[in-house]
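Structure data follow from upload.txt (compact mmCIF, C-alpha atoms):
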```txt
# COMPACT_ATOMS: atom_id res chain seq x y z
CA ARG A 1 55.10 22.01 63.90
CA PHE A 2 55.21 18.27 64.49
CA LYS A 3 57.36 16.63 67.12
CA SER A 4 57.17 13.21 65.49
CA ALA A 5 58.87 12.53 62.18
CA THR A 6 56.10 10.01 61.43
CA THR A 7 53.45 12.69 61.88
CA ARG A 8 55.40 15.16 59.75
CA THR A 9 55.85 12.57 57.00
CA GLY A 10 52.16 11.67 57.18
CA PHE A 11 51.14 15.30 56.78
CA LEU A 12 53.44 15.78 53.80
CA GLU A 13 52.20 12.58 52.14
CA GLU A 14 48.58 13.68 52.46
CA PHE A 15 49.44 17.20 51.30
CA THR A 16 51.20 15.77 48.24
CA GLN A 17 48.11 13.75 47.31
CA PHE A 18 45.97 16.86 47.68
CA GLU A 19 48.49 18.90 45.72
CA GLN A 20 48.22 16.44 42.79
CA ARG A 21 44.44 16.99 42.62
CA VAL A 22 44.86 20.76 42.72
CA LYS A 23 47.51 20.56 39.99
CA ALA A 24 45.17 18.52 37.77
CA LEU A 25 42.59 21.32 37.98
CA GLY A 26 45.13 23.98 37.10
CA THR A 27 44.50 25.93 40.30
CA ARG A 28 46.80 26.92 43.15
CA VAL A 29 47.31 25.89 46.74
CA HIS A 30 49.20 27.92 49.34
CA LEU A 31 51.44 26.16 51.84
CA ARG A 32 52.44 28.03 54.96
CA SER A 33 55.02 26.42 57.19
CA HIS A 34 54.92 27.20 60.87
CA PRO A 35 56.97 30.41 61.19
CA ALA A 36 59.04 28.96 64.04
CA GLY A 37 60.09 25.84 62.15
CA GLN A 38 59.71 26.42 58.41
CA PHE A 39 60.33 22.73 57.81
CA THR A 40 59.57 22.72 54.08
CA GLU A 41 61.94 25.61 53.48
CA ARG A 42 64.78 24.36 55.66
CA ASN A 43 64.56 20.87 54.19
CA ALA A 44 64.02 21.97 50.58
CA VAL A 45 60.82 19.96 50.28
CA THR A 46 59.90 19.79 46.59
CA LEU A 47 56.50 21.24 45.82
CA GLU A 48 54.42 21.17 42.67
CA ALA A 49 54.36 24.29 40.50
CA CYS A 50 50.75 24.85 41.61
CA THR A 51 51.91 25.35 45.20
CA VAL A 52 52.76 28.80 46.48
CA ARG A 53 54.93 29.04 49.59
CA SER A 54 53.24 31.56 51.84
CA THR A 55 55.81 33.36 53.97
CA GLN A 56 54.22 36.78 54.46
CA PRO A 57 53.23 37.73 58.01
CA LEU A 58 49.53 37.06 58.59
CA TYR A 59 48.83 40.69 59.43
CA ARG A 60 49.86 41.58 55.87
CA MET A 61 47.58 39.02 54.27
CA ASP A 62 43.93 39.36 53.32
CA LEU A 63 42.71 36.02 54.64
CA THR A 64 39.25 36.59 53.15
CA ARG A 65 40.77 35.90 49.70
CA PHE A 66 41.15 32.21 50.55
CA ALA A 67 38.39 29.72 49.75
CA TYR A 68 39.26 27.50 52.73
CA ALA A 69 42.08 26.63 55.13
CA ILE A 70 43.38 23.27 56.31
CA SER A 71 45.90 22.99 59.11
CA ALA A 72 47.05 20.74 61.88
CA PRO A 73 45.77 22.08 65.23
CA SER A 74 46.98 25.68 65.25
CA SER A 75 45.84 29.18 66.10
CA ILE A 76 45.95 29.98 62.37
CA LEU A 77 42.62 28.17 62.09
CA PHE A 78 41.12 30.79 64.41
CA ASP A 79 42.55 33.57 62.24
CA PHE A 80 40.84 32.09 59.20
CA MET A 81 37.61 31.48 61.09
CA LEU A 82 37.50 35.11 62.20
CA ALA A 83 37.99 36.08 58.55
CA GLY A 84 34.91 34.03 57.63
CA VAL A 85 36.87 31.32 55.80
CA PRO A 86 35.84 27.64 56.12
CA VAL A 87 38.47 25.68 58.06
CA ALA A 88 39.32 22.05 58.66
CA VAL A 89 41.75 20.60 61.14
CA TRP A 90 44.12 17.87 59.95
CA HIS A 91 44.80 14.86 62.14
CA ASP A 92 47.06 11.91 61.63
CA GLY A 93 45.69 8.48 60.86
CA ASP A 94 46.87 7.17 64.22
CA ASN A 95 45.02 9.94 66.09
CA THR A 96 48.09 10.88 68.13
CA ILE A 97 47.42 14.61 67.70
CA ASP A 98 45.36 16.20 70.47
CA LEU A 99 42.21 17.69 68.92
CA ARG A 100 40.30 18.48 72.12
CA ASN A 101 40.38 22.25 71.53
CA PHE A 102 39.25 21.72 67.93
CA ALA A 103 36.41 19.27 68.57
CA SER A 104 33.76 21.17 66.61
CA PHE A 105 35.93 21.84 63.56
CA ALA A 106 35.62 19.96 60.29
CA ARG A 107 38.28 17.23 60.27
CA VAL A 108 40.43 15.80 57.53
CA SER A 109 43.08 13.11 57.58
CA THR A 110 43.72 11.68 54.11
CA GLY A 111 44.39 13.51 50.87
CA GLU A 112 40.93 12.39 49.78
CA ASP A 113 39.43 13.99 52.91
CA TRP A 114 41.28 17.22 52.07
CA TRP A 115 39.86 17.14 48.57
CA ARG A 116 36.27 16.50 49.70
CA PHE A 117 36.53 19.35 52.20
CA ALA A 118 38.03 21.70 49.59
CA VAL A 119 35.18 20.99 47.17
CA ALA A 120 32.48 21.30 49.84
CA ALA A 121 33.97 24.50 51.32
CA SER A 122 34.33 26.05 47.87
CA THR A 123 30.81 25.04 46.83
CA ASP A 124 28.96 25.90 50.05
CA PRO A 125 31.16 27.93 52.42
CA GLY A 126 28.16 29.03 54.48
CA ARG A 127 27.66 25.47 55.68
CA PHE A 128 31.01 25.65 57.45
CA VAL A 129 31.05 29.33 58.38
CA THR A 130 27.71 29.07 60.19
CA ARG A 131 29.05 26.22 62.33
CA GLN A 132 32.29 28.12 62.95
CA ASP A 133 30.39 31.26 63.96
CA ARG A 134 28.43 29.20 66.52
CA PHE A 135 31.74 27.86 67.85
CA ILE A 136 33.13 31.39 68.21
CA GLU A 137 29.94 32.58 69.92
CA GLY A 138 30.24 29.63 72.31
CA LEU A 139 33.61 30.95 73.46
CA MET A 140 31.72 33.91 74.96
CA ILE A 141 34.42 36.44 74.13
CA PRO A 142 33.13 39.96 74.75
CA ASP A 143 32.04 41.67 71.52
CA ASP A 144 34.53 44.52 71.81
CA VAL A 145 37.67 42.36 72.17
CA ARG A 146 38.18 41.97 68.43
CA GLN A 147 37.75 45.72 67.87
CA ARG A 148 40.20 46.51 70.68
CA TYR A 149 42.84 44.19 69.17
CA ALA A 150 42.26 45.61 65.71
CA ALA A 151 42.70 49.16 67.08
CA LEU A 152 45.84 48.12 68.93
CA LEU A 153 47.35 46.49 65.85
CA SER A 154 46.44 49.37 63.56
CA ALA A 155 48.29 51.80 65.88
CA THR A 156 51.66 50.37 64.80
```

Please express what this file holds, its structure, as structure tokens.
Amino acid sequence: RFKSATTRTGFLEEFTQFEQRVKALGTRVHLRSHPAGQFTERNAVTLEACTVRSTQPLYRMDLTRFAYAISAPSSILFDFMLAGVPVAVWHDGDNTIDLRNFASFARVSTGEDWWRFAVAASTDPGRFVTRQDRFIEGLMIPDDVRQRYAALLSAT
């Protein structure tokens, strides 16, 4: 997903810090590599036992089962938003990642930011979902587009 090794390393460092907090609680976190790169799989990145590698195609997953989603700028954030899941976009500490298309999203950078977002999204998801719904409405996508795509995908 990341062109810069520095950005990739930064993401993994922050994820590892977050992962440690999740592990301490005895809960799980799902990590989904970008399907085109699968960096963590190809490079045998060591993950904590609390981390589940998510490799299933999105269309086979019930995204509503997730409490929140954090990702670098990616269309997966839109998938989670449409499922009514609070989302945050990750950015590097140097702000080299272009966030213009994600300006109204919650933002996280450090492992601590991830943790604060996770707690807030788990405690009061409506706070984020309401803002996300306004963002989606602002895109002015005709109401029937989602239904047409769903019908198209269910025809397979």

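Put simply, CA of Ile136 in chain A is 10.4 Å away from CA of Ser104 in chain A.
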
Expected axis-aligned box over every listed atom of range 117-124 of chain A, 5 Å added per side, centre plus edges in Å to one decimal, as lines of an AutoDock Vina configuration file:
```
center_x = 33.5
center_y = 22.7
center_z = 49.5
size_x = 19.1
size_y = 16.7
size_z = 15.4
```

Check: Do you know which residues are at most 12 Å from Asp124 in chain A counting all atoms listed in the file, after dropping those on the same chain fewer than 4 positions away, and could you put them as a ChimeraX atom specification?
Finding: /A:67-68,85-86,116-120,128-130

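Checking A:Gly10, A:Gly111, A:Pro125, A:Gly84 one by one against Ile97 in chain A, counting only C-alpha atoms, you find the shortest gap at A:Gly10.
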
Check: With all atoms listed in the file as the atoms that count, which of A:Gly126, A:Trp90, A:Asp98, A:Gln147 lies nearest to Thr110 in chain A?
Finding: A:Trp90

Item checked: Residue contacts of Arg32 in chain A (7 Å, only C-alpha atoms) excluding same-chain residues fewer than 2 positions away, as a ChimeraX atom specification -> /A:30,34,53-55

Notebook entry, point to check: So which residues touch Phe135 in chain A within 10 Å, counting only C-alpha atoms, skipping near sequence neighbours fewer than 4 positions away, as number ranges by chain?
Noted result: A: 81, 102-105, 129-131, 139-140

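Take CA of Arg148 in chain A and CA of Pro73 in chain A: the distance between them is 25.6 Å.
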
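CA of Ile76 in chain A lies 20.7 Å from CA of Thr9 in chain A.
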
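For the set A:Gln132, A:Thr96, A:Gln20, A:Ser33, the residue with the smallest atom-to-atom gap to Glu48 in chain A is A:Gln20, counting only C-alpha atoms.
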
Margin query: Which residues are near Tyr59 in chain A? Cut-off 10 Å, all atoms listed in the file, ignore same chain within fewer than 5 positions. Put them as an MDAnalysis selection string.
Written below: chainID A and resid 79 153:154

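Nearest residue to Val45 in chain A among A:Asp133, A:Arg100, A:Arg21, A:Glu13 is A:Glu13, counting all atoms listed in the file.
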
Margin query: Between A:Ser74, A:Ser109, A:Asn101, A:Thr64, which residue has the minimum interatomic distance to Phe15 in chain A, considering all atoms listed in the file?
Written below: A:Ser109
